[in-house]
Structures are given as structure tokens and as C-alpha cells.
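S.K.: Sending over a structure as C-alpha cells; questions will come in a sec.
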Amino acid sequence: MNQLLLNGKWEMEGAGYHCCGTVPGSVYSFLLDNKLIPDPHYRENELQLTYLLEKDFTFRRKFDFQPNGNRVLLRCEGMDTICDVSINGQAVGHTENMHRTYEWDVTELLQQGENEIVVCCLSPLKYMAELDAIDPLYNSTDTSWGYLHIRKAHCMMGWDWGPRLPDAGIWRDISLLTLDSARITDLRITQRHENGRVYITPTATTDVPADITVTLTAPDGTQTTIKNGVEQEIADPQLWWPNGLGEQPLYTVTATVPGDTLSKRIGLRTMELIRKGDRYGESFYHRVNGLPVFAMGADYIPEDNLLSRITPERTRALLQHAHDCNFNTIRVWGGGFYPSDDFFDTCDELGLMVFEDMMLACGMLRNHESVRQEMAAETRDVLLRLRHHACLAVISGNNEVEQLFRRAPEDGVKENYYRIFEEMIPGLIEELCPEIPYVPSSPSTCGHFIDPDNENYGDSHYWDVWHRNVPYTEYRKHYFRYLSEFGFQSFPCEKTIDSFALPEDKNFFSRIMERHQRSMGGNVKILQYMAKTYLYPSSFPMQIFASQLMQATAIRMGVEHLRRNRGRCMGALYWQFNDIWPGASWSSIDYFGRYKVLQYAAKRFFAPVLLSCRETGENDNRGSINLEVQHYDYTTTATLALSNDTRQEVSGMVRWELRNAESEVLESGSFAATVPALTSVTYETMDFHKTDVLENHFTYTFEKNGEEVSCGSVLFTAPKHYRFRNPNLRVERNGDTVTVFSDAYAQSVWLDSPDSDCIFSDNGFDMEKGSRTVKILSGDPAKLTVCSVYDIR
């Protein structure tokens, strides 16, 4: 088989434009590259660019081809979305689904020498509107009307964290395949693990009979020939583990016939979703190689509105951040698109388990047989492409559809849901990859619309914190079996805001700042939570800083609580990991890859060994102060817990101090601590009833072999009420290290550089009087700034 890539230079015309560009590419990428439109992310440019897609656009290119009498296929791996394809003026095919791969026989359409291929992308907005006029469907207020009628990334039509930019084009490879020999059409690899021994069965199939050779390449490069369709034992098997639990050795299985080769990389592991009744309800956790894994990570959304900007290098850098900050799981949200092979390859290499949604979010498809057939074809394409990946931990049928329609009458909507998500998709999984766990929706308990919000069963999405304005201490009242979505918003750093705003726009309630905030009333919510937490920040940079501190504190409080209750609770995936454009959102890494305070906090609260504290005090009065009670008369306690998410027992010393704002020690203690593998231990509550919550704070450290492993501090009142002293923070740089000096207790010390995007080994940390040194992991700052909660005033 020979492949001729048709990527590269194409022409595009439509809406009065005519220009050249690069495929994979799109309407927006072609026009931007030719400077015919402004940056769609800048200020309000989105408004004028959305409606470009009310027009049709045509892509075309000429190519040279020399037919040799063999069969030729046109392979389109990503057509977005309603497209008519022709070659030399003759129709080839029609597409209606950006998530599918299409192949057509074009042997009779090709001619000797020059040929022309034309792809006409019909307006997605017109298509959606026409179908919705005939058969109206539920529509989110954040999206263009009728988004559920088109098999296209929902977030292209807007979401509560991104713009409406319904692009169109050829977004993945397009090629001609000359079938001059047998073609390998599939390679399936199944595994069997028994008593420490591992067996695999490779099954390669071809379009015509042929002799198939299969080789296995071990992680060290050693090659072994194995038999197609026959179970083989792996000598000295090296198991694949999630990040933090072991290494990620990968084997390559290659099937070869004369003229064609197909390879897939696999990891040797068992991956189960354990759902077993217990005294709380029913467990829900990943069991890898027989060990229960607490899932730690976040929810991933598309990295850009212009899909041609999402490169393997950009995706790898993002996922590397996840790995480096102790994530072991990434959830792919169901309103975007199925990520590329590069995404899953990288997750395999980094040990990031993937909780993969099928692409349907917050609404239901049309109740029509043609729609179900299209979804079945899409599902088959996706499963065949992804099923071999070691990282694939669970497939969810959709995002929040069961939850949204749980109170709908037993009508066509529910019937359609059952047929797709509780019959068709699980049936295809049973046929193609029964080893992959499946849940019909996220969140879900046991399917069939049975109480999907019950936190004692299945996975949960919890949004009372943020959407319902409850304080983030509320997380501590819940014991979710697996919390796969929860979040708190913040603003990106000022450098990111400068990419879309003018100086006069820098007010949270300016039109531009509100246009880059897509959660209804989001900026107001941030200020409401800020009023309960901090003194009013008098400068725009401090307002940004305070918003990021609240976000980090909220998510930290939820994660630490769940980890303290390991066993009952077995997953914490916060919303959201990354951004699709620059603006206010729930992300911990912004559009430009810049860390917010939350990303550094995640590195600490997802650490394999974590010492955390549950404090009580004025914090538990939900921001209200009872003037009849003295500030030292609250129930003021601290309860420490040590969580061990490694495969080895951990022993060391826990040390704690009650200190005042000058960092003077008022009380202290220490004790030896030993925690078994994959366990969390909670220690006896300490009562500081008569302590002055406005002057005193609590610090804690876990040390192993004399080295600090985990540490932190807590206040017993809101930061706005604590009487911080001026820490007079200053910094010194020495090569790739930065030392911060402080004259008093400083909370959330934040290093930044106006001239370089830097990543530090730690940031946003608490420190006592003295010094603390961190490393510069990337960037080369000529100038460094430093601030803390004291500066929020």
C-alpha cells in the first residue's frame, strides 16, 4: 500500500475571500494566516467572525497522480463538518460528522497527471438552524442555537468558558491510498494476566488473504516473532503503572504483510473499574494491576478554537505539566473532540489514565434512526483507534446528559437515550473491546436515570460551590465516591489579559472583561467570594491574585478532604485543567500555558505523600461574624491526616506548631508516623480553644529521613481578619535558584516575572520568618517580583 498525503498548500474561497493556506487548516486559519481577519480572541472580534460561517467555503488543490491500475481510496481523517467532496468535477462523498474517518473508492475518478480535489464546507450555522426549525432540541444558553443537531465539537458553538467560533475545514490528514497489495485493516491486541504471568493475543486482519508476520518489540528494543491470532506468553513482563505508582514501559506490536505494516504500542496492565457494594453504597475506583488507585487530576478541554494550532508539541507540553504536578488521571470532556493519537501516546508514556467521554455534552441527540446509525459509526471508529492504549481507563457515554434529563417524562428523549447509551454503545464495546470499563454517563450511578446525583454511587459532578455560592468549606460535608468534576473560577495573569484587552478595559466589570467571562455572572461571583475572604484589593493585579488564591484554596480544600477519606472516596478530578482561549475560567493553566496559583497547589495536594489539616474556627461560620462572641471563643481545632498513595509503607515524623503572626512558636509537638501503602491515616484532633484566631495560625510538616516531604499552614479565620505583619518579602537569584526572605509569617508567597514566563519548583507557598529556596524550572527572568496575602489591601 502506498500513501500520497494531500496535506499542504490549498486554495480557499467564500464570503468574498480568496486565498491560499495550509491543510490541515480551516476557514479561520486560512484567513488569519493571510491577515484578512483580526485575531478572533482579541477584545470583541469574535462577534464579527462568528457569522462568517453563515457562508459556505470551498477548499481546493491540484495534485499529480500516476494511476497504475490498482484500487485507490481517498482517506479523510478529519472533515469539519458538512462537506461535499469531489475529484475532477465528479462527486466522491458527503460528510456530516467531524469525529469520523471517511474512505471512498476514487479509482475511476483519477486521471493521469494533474487532478483536482474540491471540498465544499457548507455553513454549519445554516445546517443547525434549518434542522432545529424542524425538530427543536434543548439548547444551552451558552451556545449557538441548534448545536445538538450537528456532529461537531459543541464548544465551537460556545460554552461557559469559550467563544462562539464555529470553524470549518479539513482539520486532520487527507490522503490517497493505493492498494497495490494486501492491506492490514485492523490489529487487535488482547491481554491475559494470571499469577504474575502475562499473555497477549495479536489478531491482525487484511482486506485480502495474505501471510501476516507479527513481531513484538520489548521496551529494551528486543524483537520477537509471534504468531498471529495465537496467545503468547511475554517473557519477563514489565508492567505499566499510572504516574506515581511505577514506570510506564511500552511494548510495540507490529503486523506486516508484503507492502503494508501496522504498529501499535501497548502497556502490559490490567485496568478495572471496581463497583462493589459496601456500607456506604457502592465503590467506584480504578484498580490497576490489582491495586486500588486514587484518581488525581483534572478535566481537559480542547486547547484552541483553531484546531490546526493544536500541535503534538503543544499537547505534550501541557500533559507534561500534568505529570510533573503529580496528576495520574485526565478526563477528556465530552463537548469537544476525540483527541489525536499523539495525545493518547503521550498519556501512555507519562502514566496518565484517561477518563474518556464520548462526544455529547449537556443535551440529547435527535430521536431518529439515521442519527443513531451515525453515532454507531462514530463509536466504532473511535474504539478501533483508541482501544489498545494503556492509558484508557474508562469510557463514559456522555457528559451530564443523564443528569440533565433525569426528571424528563418517559418519552422519546429517554427512549433514545437508552437505545444509544445503554444498548448501542455498550454493545459495541462488548464486541470490540470488552476489557475497557464503560459507564453510560458522567455523572451516573447505575444508569437508567436512577438518581445520578447520589454521591454514594458512581462518579459525581458537584457545583454547589461556585454556581450556588456556597462556601468552599462545604466540600467537607460530602464523601463522593469519585468526584470527576468540581471547580472554582479565577482570572488569568495580567500578561494573558493584555493579549485581549486594552489598559482601559482592565476592570472586572468592563465590557471586554465580561466578554471574556462566559459563566453567567461569573465576575460577580468572584467578587462575592472575595468579599468573604480577603480585604478589598485596591489594584487590578491584586484582584487577579486574590481570585487565583481563592480558586487554589477551594480546590485544595476539596481534594485534601477526599484524600483524607481514601477508600470511601477514590477520585478527585477538578474542573478544569486548560483553556481554549484567554479569559476568566476554571482552568489551572491558562491559554498560553501559564500556571495559575492552583497549578502549583495541585502539585502539592496531589503529591504521593500528603500531610493535610482539617481546621475549625471562624472559617466555619460561613463568613459571618457573631459580635457577641470573642475572637478566642470559637471552637478552634486542627486535625492532621497523612495520605500515602505509593506502593510502599511510609514512615517519618509529623511536626506541628501554633505560631503568631511574627512566626514565634506558642505551642509545638511531634510524633512518629507510619502509614501503610495506599492508605490515609487521620490523627487525634488538637483543641486550641483559647487561642486568638486573629493572631495565631497552625503549621505542620511531615519529614522523612530528616527531609521535608509535605507541609502547610492554616488560619482559623478568614485571611481578611488575620492580623498579618508586613513580611518585607525580598528575593535573591543565584543561577537557577531563587531564595525568598521574610520577616514574618507570609501566606501564599507568589513569585512572578514581568519579562519571562517562568515555572518554579514551588510557588504560592506559605512560609514562616526566614528564607525559602525554589528552583527555576523554565524561563530566564531578568526581574522577579514577590507578593503575599499581606499585599491584598
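Just remember, in the C-alpha cells the first chain shown is A, the second B, etc., residues are 1-based per chain, and ligands are 1-based in the order shown.
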Can you list every residue in range 13-92 of chain A that DSSP puts in alpha helix (DSSP H), as a list in words?
M.R.: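 Of range 13-92 of chain A, the ones in alpha helix (DSSP H) are Val27, Tyr28, Ser29, Phe30, Leu31, Leu32, Asp33, Asn45, Glu46, Leu47, Gln48, Leu49 and Thr50 of chain A.
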S.K.: Find the residues near Thr701 in chain A: any atom within 7 Å, counting only C-alpha atoms, skip ones fewer than 5 places away on the same chain, and give them as an NGL selection string.
M.R.: :A and (654-656 or 708 or 710-712)
S.K.: Could you take the residues named above and write them with C-alpha atoms, as a compact mmCIF listing (two decimals), in the first residue's frame?
M.R.:
# COMPACT_ATOMS: atom_id res chain seq x y z
CA VAL A 654 5.00 14.80 61.90
CA ARG A 655 5.80 18.18 63.44
CA TRP A 656 3.36 20.97 64.21
CA GLU A 708 10.60 17.80 54.31
CA SER A 710 4.83 17.74 52.79
CA CYS A 711 3.96 20.91 54.69
CA GLY A 712 1.38 23.64 55.04
S.K.: Can you work out the spacing between CA of Pro166 in chain A and CA of Ser442 in chain A in Å, to one decimal?
M.R.: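 Atom-to-atom, CA of Pro166 in chain A and CA of Ser442 in chain A are spaced 25.4 Å apart.
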S.K.: Between A:Asp56, A:Asp459, A:Glu504, A:Glu77, which residue has the minimum interatomic distance to Ser283 in chain A, considering only C-alpha atoms?
M.R.: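 So, comparing all the options, the nearest one is A:Asp459.
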S.K.: Calculated over only C-alpha atoms, which of the candidates A:Lys704, A:Lys720, A:Arg594, A:Arg60 has the smallest distance to Ser756 in chain A?
M.R.: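 Of A:Lys704, A:Lys720, A:Arg594, A:Arg60, the one nearest Ser756 in chain A, counting only C-alpha atoms, is A:Arg594.
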S.K.: So that I can see what lies close to Ser460 in chain A, please list as JSON, numbers by chain the residues with an atom at most 12 Å from it, counting only C-alpha atoms and leaving out residues fewer than 3 positions away in the same chain.
M.R.: {"A": [284, 399, 400, 402, 403, 441, 442, 443, 444, 445, 451, 452, 453, 454, 455, 456, 457, 463, 478, 479, 480, 481, 482, 483, 484, 485, 486, 569, 570, 571, 572, 573, 574]}
S.K.: Could you find all residues in range 42-151 of chain A that DSSP calls strand (DSSP E) from the backbone, and write them as a PyMOL selection string?
M.R.: chain A and resi 57-65+71-76+79-80+82-87+90-96+102-105+113-121
S.K.: Report as a PDB file with N, CA, C and O atoms, in the first residue's frame all protein, DNA and RNA residues lying within 9 Å of Leu268 in chain A, evaluated on only C-alpha atoms, omitting residues in the same chain fewer than 4 positions from it.
M.R.:
ATOM      1  N   GLN A 191      -5.009  -8.994  26.217  1.00  0.00           N
ATOM      2  CA  GLN A 191      -4.075  -9.420  27.253  1.00  0.00           C
ATOM      3  C   GLN A 191      -4.775 -10.329  28.251  1.00  0.00           C
ATOM      4  O   GLN A 191      -5.971 -10.199  28.499  1.00  0.00           O
ATOM      5  N   HIS A 193      -3.733 -11.746  32.213  1.00  0.00           N
ATOM      6  CA  HIS A 193      -2.781 -11.714  33.330  1.00  0.00           C
ATOM      7  C   HIS A 193      -3.192 -12.790  34.336  1.00  0.00           C
ATOM      8  O   HIS A 193      -4.356 -12.836  34.755  1.00  0.00           O
ATOM      9  N   VAL A 198       1.998 -12.896  32.027  1.00  0.00           N
ATOM     10  CA  VAL A 198       1.228 -12.084  31.082  1.00  0.00           C
ATOM     11  C   VAL A 198       1.242 -12.748  29.714  1.00  0.00           C
ATOM     12  O   VAL A 198       2.294 -13.171  29.220  1.00  0.00           O
ATOM     13  N   ILE A 200      -0.367 -12.283  25.634  1.00  0.00           N
ATOM     14  CA  ILE A 200      -1.079 -11.424  24.684  1.00  0.00           C
ATOM     15  C   ILE A 200      -1.483 -12.234  23.472  1.00  0.00           C
ATOM     16  O   ILE A 200      -0.849 -13.240  23.130  1.00  0.00           O
ATOM     17  N   PRO A 237       7.729 -10.061  31.878  1.00  0.00           N
ATOM     18  CA  PRO A 237       6.857  -8.916  31.573  1.00  0.00           C
ATOM     19  C   PRO A 237       7.122  -7.717  32.482  1.00  0.00           C
ATOM     20  O   PRO A 237       7.295  -7.863  33.688  1.00  0.00           O
ATOM     21  N   GLN A 238       7.162  -6.534  31.879  1.00  0.00           N
ATOM     22  CA  GLN A 238       7.305  -5.284  32.616  1.00  0.00           C
ATOM     23  C   GLN A 238       5.951  -4.584  32.621  1.00  0.00           C
ATOM     24  O   GLN A 238       5.432  -4.240  31.562  1.00  0.00           O
ATOM     25  N   LEU A 239       5.408  -4.377  33.797  1.00  0.00           N
ATOM     26  CA  LEU A 239       4.062  -3.830  33.902  1.00  0.00           C
ATOM     27  C   LEU A 239       4.055  -2.308  33.767  1.00  0.00           C
ATOM     28  O   LEU A 239       4.973  -1.614  34.204  1.00  0.00           O
ATOM     29  N   TRP A 240       2.971  -1.815  33.170  1.00  0.00           N
ATOM     30  CA  TRP A 240       2.701  -0.376  33.046  1.00  0.00           C
ATOM     31  C   TRP A 240       1.936   0.093  34.272  1.00  0.00           C
ATOM     32  O   TRP A 240       0.985  -0.558  34.707  1.00  0.00           O
ATOM     33  N   TRP A 241       2.352   1.246  34.826  1.00  0.00           N
ATOM     34  CA  TRP A 241       1.697   1.792  36.015  1.00  0.00           C
ATOM     35  C   TRP A 241       1.286   3.242  35.790  1.00  0.00           C
ATOM     36  O   TRP A 241       1.934   3.970  35.031  1.00  0.00           O
ATOM     37  N   PRO A 249       6.693   1.197  30.988  1.00  0.00           N
ATOM     38  CA  PRO A 249       7.317   0.516  29.847  1.00  0.00           C
ATOM     39  C   PRO A 249       6.273   0.206  28.783  1.00  0.00           C
ATOM     40  O   PRO A 249       5.151  -0.198  29.102  1.00  0.00           O
ATOM     41  N   LEU A 250       6.648   0.393  27.533  1.00  0.00           N
ATOM     42  CA  LEU A 250       5.712   0.166  26.432  1.00  0.00           C
ATOM     43  C   LEU A 250       6.297  -0.822  25.439  1.00  0.00           C
ATOM     44  O   LEU A 250       7.481  -0.759  25.088  1.00  0.00           O
ATOM     45  N   TYR A 251       5.461  -1.741  25.003  1.00  0.00           N
ATOM     46  CA  TYR A 251       5.812  -2.738  24.000  1.00  0.00           C
ATOM     47  C   TYR A 251       5.176  -2.326  22.671  1.00  0.00           C
ATOM     48  O   TYR A 251       4.107  -1.707  22.650  1.00  0.00           O
ATOM     49  N   ALA A 390      -2.689   1.887  26.730  1.00  0.00           N
ATOM     50  CA  ALA A 390      -2.583   1.510  28.136  1.00  0.00           C
ATOM     51  C   ALA A 390      -3.279   2.508  29.035  1.00  0.00           C
ATOM     52  O   ALA A 390      -3.791   2.160  30.105  1.00  0.00           O
TER      53      ALA A 390
END
S.K.: Hey, which of A:Ile526, A:Ile310, A:Cys19, A:Ala501 ends up closest to Pro471 in chain A? Count only C-alpha atoms.
M.R.: A:Ile526
S.K.: Find the residue from A:Gly558, A:Pro503, A:Gly669, A:Gly458 that sits nearest to Ser612 in chain A; use only C-alpha atoms when measuring.
M.R.: A:Gly558
S.K.: Near Glu560 in chain A, within 8 Å and counting only C-alpha atoms, which residues show up once chain neighbours fewer than 3 positions away are dropped, as a PyMOL selection string?
M.R.: chain A and resi 556-557+563-564+605+612
S.K.: Based on the selection just made, write N, CA and C atoms of those residues as a short mmCIF file (atom, residue, chain, number, x, y, z; two decimals), in the first residue's frame.
M.R.:
data_model
loop_
_atom_site.label_atom_id
_atom_site.label_comp_id
_atom_site.auth_asym_id
_atom_site.auth_seq_id
_atom_site.Cartn_x
_atom_site.Cartn_y
_atom_site.Cartn_z
N ARG A 556 -8.08 22.94 46.76
CA ARG A 556 -7.26 22.24 47.76
C ARG A 556 -8.12 21.68 48.88
N MET A 557 -9.08 22.48 49.35
CA MET A 557 -9.92 22.03 50.45
C MET A 557 -10.72 20.79 50.05
N ARG A 563 -8.95 13.00 49.87
CA ARG A 563 -7.79 12.13 50.10
C ARG A 563 -7.72 11.66 51.55
N ARG A 564 -8.17 12.49 52.48
CA ARG A 564 -8.20 12.05 53.89
C ARG A 564 -9.15 10.88 54.07
N PHE A 605 -1.05 19.24 46.60
CA PHE A 605 -2.13 18.41 47.15
C PHE A 605 -2.32 17.09 46.40
N SER A 612 -2.12 16.76 55.47
CA SER A 612 -3.13 17.81 55.36
C SER A 612 -3.79 18.05 56.70
#
S.K.: Tell me which protein, DNA and RNA residues are within 9 Å of Glu732 in chain A, counting only C-alpha atoms, leaving out same-chain ones fewer than 5 positions away, and put them as an MDAnalysis selection string.
M.R.: chainID A and resid 737:741 784
S.K.: Put those residues in a file: all heavy atoms, as a PDB file, in the first residue's frame.
M.R.:
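File part-v8.pdb, as written:
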ATOM      1  N   THR A 737      18.311  29.111  40.979  1.00  0.00           N
ATOM      2  CA  THR A 737      17.567  29.104  42.235  1.00  0.00           C
ATOM      3  C   THR A 737      17.168  30.518  42.632  1.00  0.00           C
ATOM      4  O   THR A 737      17.837  31.501  42.282  1.00  0.00           O
ATOM      5  CB  THR A 737      18.375  28.466  43.385  1.00  0.00           C
ATOM      6  OG1 THR A 737      19.505  29.291  43.688  1.00  0.00           O
ATOM      7  CG2 THR A 737      18.820  27.064  43.030  1.00  0.00           C
ATOM      8  N   VAL A 738      16.057  30.603  43.344  1.00  0.00           N
ATOM      9  CA  VAL A 738      15.564  31.873  43.879  1.00  0.00           C
ATOM     10  C   VAL A 738      15.291  31.670  45.364  1.00  0.00           C
ATOM     11  O   VAL A 738      14.614  30.708  45.748  1.00  0.00           O
ATOM     12  CB  VAL A 738      14.275  32.328  43.170  1.00  0.00           C
ATOM     13  CG1 VAL A 738      13.728  33.592  43.824  1.00  0.00           C
ATOM     14  CG2 VAL A 738      14.523  32.546  41.691  1.00  0.00           C
ATOM     15  N   THR A 739      15.821  32.552  46.190  1.00  0.00           N
ATOM     16  CA  THR A 739      15.586  32.493  47.624  1.00  0.00           C
ATOM     17  C   THR A 739      14.710  33.665  48.034  1.00  0.00           C
ATOM     18  O   THR A 739      14.983  34.821  47.666  1.00  0.00           O
ATOM     19  CB  THR A 739      16.901  32.522  48.412  1.00  0.00           C
ATOM     20  OG1 THR A 739      17.700  31.395  48.021  1.00  0.00           O
ATOM     21  CG2 THR A 739      16.643  32.440  49.908  1.00  0.00           C
ATOM     22  N   VAL A 740      13.641  33.356  48.762  1.00  0.00           N
ATOM     23  CA  VAL A 740      12.729  34.371  49.287  1.00  0.00           C
ATOM     24  C   VAL A 740      13.023  34.549  50.768  1.00  0.00           C
ATOM     25  O   VAL A 740      13.139  33.574  51.513  1.00  0.00           O
ATOM     26  CB  VAL A 740      11.258  33.951  49.094  1.00  0.00           C
ATOM     27  CG1 VAL A 740      10.322  35.046  49.599  1.00  0.00           C
ATOM     28  CG2 VAL A 740      10.968  33.628  47.639  1.00  0.00           C
ATOM     29  N   PHE A 741      13.133  35.793  51.192  1.00  0.00           N
ATOM     30  CA  PHE A 741      13.369  36.121  52.598  1.00  0.00           C
ATOM     31  C   PHE A 741      12.138  36.824  53.153  1.00  0.00           C
ATOM     32  O   PHE A 741      11.523  37.656  52.478  1.00  0.00           O
ATOM     33  CB  PHE A 741      14.589  37.032  52.748  1.00  0.00           C
ATOM     34  CG  PHE A 741      15.867  36.414  52.269  1.00  0.00           C
ATOM     35  CD1 PHE A 741      16.266  36.556  50.946  1.00  0.00           C
ATOM     36  CD2 PHE A 741      16.670  35.686  53.136  1.00  0.00           C
ATOM     37  CE1 PHE A 741      17.443  35.982  50.495  1.00  0.00           C
ATOM     38  CE2 PHE A 741      17.853  35.107  52.691  1.00  0.00           C
ATOM     39  CZ  PHE A 741      18.244  35.256  51.371  1.00  0.00           C
ATOM     40  N   LEU A 784      12.437  39.788  39.065  1.00  0.00           N
ATOM     41  CA  LEU A 784      11.459  38.993  39.798  1.00  0.00           C
ATOM     42  C   LEU A 784      10.690  39.878  40.754  1.00  0.00           C
ATOM     43  O   LEU A 784      11.254  40.792  41.374  1.00  0.00           O
ATOM     44  CB  LEU A 784      12.161  37.877  40.587  1.00  0.00           C
ATOM     45  CG  LEU A 784      12.657  36.675  39.793  1.00  0.00           C
ATOM     46  CD1 LEU A 784      13.581  35.825  40.641  1.00  0.00           C
ATOM     47  CD2 LEU A 784      11.481  35.837  39.305  1.00  0.00           C
TER      48      LEU A 784
END
S.K.: If you take only C-alpha atoms and a cut-off of 10 Å, which residues of range 136-254 of chain A touch range 360-369 of chain A, and what are their nearest atom pairs and distances in Å to one decimal, in chain and number order, as a Markdown table?
M.R.:
| residue | atom | partner | partner_atom | distance |
| --- | --- | --- | --- | --- |
| A:Pro136 | CA | A:Arg366 | CA | 9.0 |
| A:Leu137 | CA | A:Arg366 | CA | 7.5 |
| A:Tyr138 | CA | A:Gly363 | CA | 6.2 |
| A:Asn139 | CA | A:Gly363 | CA | 7.1 |
| A:Ser140 | CA | A:Cys362 | CA | 7.6 |
| A:Tyr147 | CA | A:Gly363 | CA | 9.2 |
| A:Leu148 | CA | A:Leu365 | CA | 6.1 |
| A:His149 | CA | A:Leu365 | CA | 6.9 |
| A:Ile150 | CA | A:Leu365 | CA | 9.0 |
| A:Arg151 | CA | A:Leu360 | CA | 8.8 |
| A:Lys152 | CA | A:Leu360 | CA | 9.6 |
| A:Ala153 | CA | A:Leu360 | CA | 8.6 |
| A:His154 | CA | A:Ala361 | CA | 7.5 |
| A:Cys155 | CA | A:Ala361 | CA | 9.4 |
S.K.: For the residues in the current selection, export N, CA, C and O atoms as a PDB file, in the first residue's frame.
M.R.:
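Done, and the output landed in again_31.pdb:
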ATOM      1  N   PRO A 136     -36.994  21.070  17.130  1.00  0.00           N
ATOM      2  CA  PRO A 136     -36.269  21.819  18.169  1.00  0.00           C
ATOM      3  C   PRO A 136     -35.756  20.894  19.269  1.00  0.00           C
ATOM      4  O   PRO A 136     -36.454  19.996  19.733  1.00  0.00           O
ATOM      5  N   LEU A 137     -34.487  21.127  19.673  1.00  0.00           N
ATOM      6  CA  LEU A 137     -33.879  20.384  20.764  1.00  0.00           C
ATOM      7  C   LEU A 137     -33.491  21.342  21.879  1.00  0.00           C
ATOM      8  O   LEU A 137     -33.350  22.547  21.667  1.00  0.00           O
ATOM      9  N   TYR A 138     -33.286  20.772  23.068  1.00  0.00           N
ATOM     10  CA  TYR A 138     -32.777  21.565  24.193  1.00  0.00           C
ATOM     11  C   TYR A 138     -31.520  22.296  23.765  1.00  0.00           C
ATOM     12  O   TYR A 138     -30.677  21.761  23.055  1.00  0.00           O
ATOM     13  N   ASN A 139     -31.365  23.560  24.179  1.00  0.00           N
ATOM     14  CA  ASN A 139     -30.172  24.313  23.820  1.00  0.00           C
ATOM     15  C   ASN A 139     -29.636  25.056  25.025  1.00  0.00           C
ATOM     16  O   ASN A 139     -30.385  25.743  25.729  1.00  0.00           O
ATOM     17  N   SER A 140     -28.345  24.927  25.283  1.00  0.00           N
ATOM     18  CA  SER A 140     -27.702  25.677  26.345  1.00  0.00           C
ATOM     19  C   SER A 140     -27.682  27.149  25.986  1.00  0.00           C
ATOM     20  O   SER A 140     -27.513  27.522  24.817  1.00  0.00           O
ATOM     21  N   TYR A 147     -27.022  23.505  18.395  1.00  0.00           N
ATOM     22  CA  TYR A 147     -25.718  22.832  18.379  1.00  0.00           C
ATOM     23  C   TYR A 147     -25.817  21.322  18.458  1.00  0.00           C
ATOM     24  O   TYR A 147     -24.915  20.604  18.002  1.00  0.00           O
ATOM     25  N   LEU A 148     -26.906  20.789  19.000  1.00  0.00           N
ATOM     26  CA  LEU A 148     -27.047  19.343  19.145  1.00  0.00           C
ATOM     27  C   LEU A 148     -27.433  18.651  17.832  1.00  0.00           C
ATOM     28  O   LEU A 148     -27.417  17.422  17.758  1.00  0.00           O
ATOM     29  N   HIS A 149     -27.726  19.423  16.805  1.00  0.00           N
ATOM     30  CA  HIS A 149     -28.100  18.832  15.523  1.00  0.00           C
ATOM     31  C   HIS A 149     -26.896  18.481  14.657  1.00  0.00           C
ATOM     32  O   HIS A 149     -27.076  17.895  13.584  1.00  0.00           O
ATOM     33  N   ILE A 150     -25.705  18.846  15.097  1.00  0.00           N
ATOM     34  CA  ILE A 150     -24.543  18.657  14.236  1.00  0.00           C
ATOM     35  C   ILE A 150     -23.458  17.910  15.004  1.00  0.00           C
ATOM     36  O   ILE A 150     -23.193  18.192  16.175  1.00  0.00           O
ATOM     37  N   ARG A 151     -22.855  16.924  14.350  1.00  0.00           N
ATOM     38  CA  ARG A 151     -21.789  16.134  14.981  1.00  0.00           C
ATOM     39  C   ARG A 151     -20.464  16.865  14.814  1.00  0.00           C
ATOM     40  O   ARG A 151     -19.627  16.515  13.993  1.00  0.00           O
ATOM     41  N   LYS A 152     -20.359  17.894  15.597  1.00  0.00           N
ATOM     42  CA  LYS A 152     -19.244  18.830  15.561  1.00  0.00           C
ATOM     43  C   LYS A 152     -18.943  19.195  17.005  1.00  0.00           C
ATOM     44  O   LYS A 152     -19.841  19.149  17.863  1.00  0.00           O
ATOM     45  N   ALA A 153     -17.692  19.518  17.324  1.00  0.00           N
ATOM     46  CA  ALA A 153     -17.350  19.881  18.693  1.00  0.00           C
ATOM     47  C   ALA A 153     -18.319  20.937  19.205  1.00  0.00           C
ATOM     48  O   ALA A 153     -18.399  22.037  18.655  1.00  0.00           O
ATOM     49  N   HIS A 154     -19.059  20.590  20.255  1.00  0.00           N
ATOM     50  CA  HIS A 154     -20.071  21.513  20.765  1.00  0.00           C
ATOM     51  C   HIS A 154     -19.474  22.875  21.117  1.00  0.00           C
ATOM     52  O   HIS A 154     -20.100  23.924  20.894  1.00  0.00           O
ATOM     53  N   CYS A 155     -18.266  22.875  21.693  1.00  0.00           N
ATOM     54  CA  CYS A 155     -17.701  24.126  22.184  1.00  0.00           C
ATOM     55  C   CYS A 155     -17.324  25.074  21.057  1.00  0.00           C
ATOM     56  O   CYS A 155     -17.037  26.252  21.305  1.00  0.00           O
TER      57      CYS A 155
END
S.K.: Which residue is closest to Thr691 in chain A? Choose from A:Asp505, A:Asp186, A:Glu618, A:Asp752 and count only C-alpha atoms.
M.R.: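 Ranked by minimum distance to Thr691 in chain A, first place goes to A:Glu618.
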S.K.: From the options A:Ala718, A:Val23, A:Leu694, A:Ile212, which residue's atoms come nearest to Lys532 in chain A, counting only C-alpha atoms?
M.R.: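 Smallest separation from Lys532 in chain A among the options: A:Ala718.
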S.K.: For Thr685 in chain A, list every protein, DNA or RNA residue within 9 Å, evaluated using only C-alpha atoms, and leave out those in the same chain fewer than 2 positions away; present the list as an MDAnalysis selection string.
M.R.: chainID A and resid 637:640 682:683 687
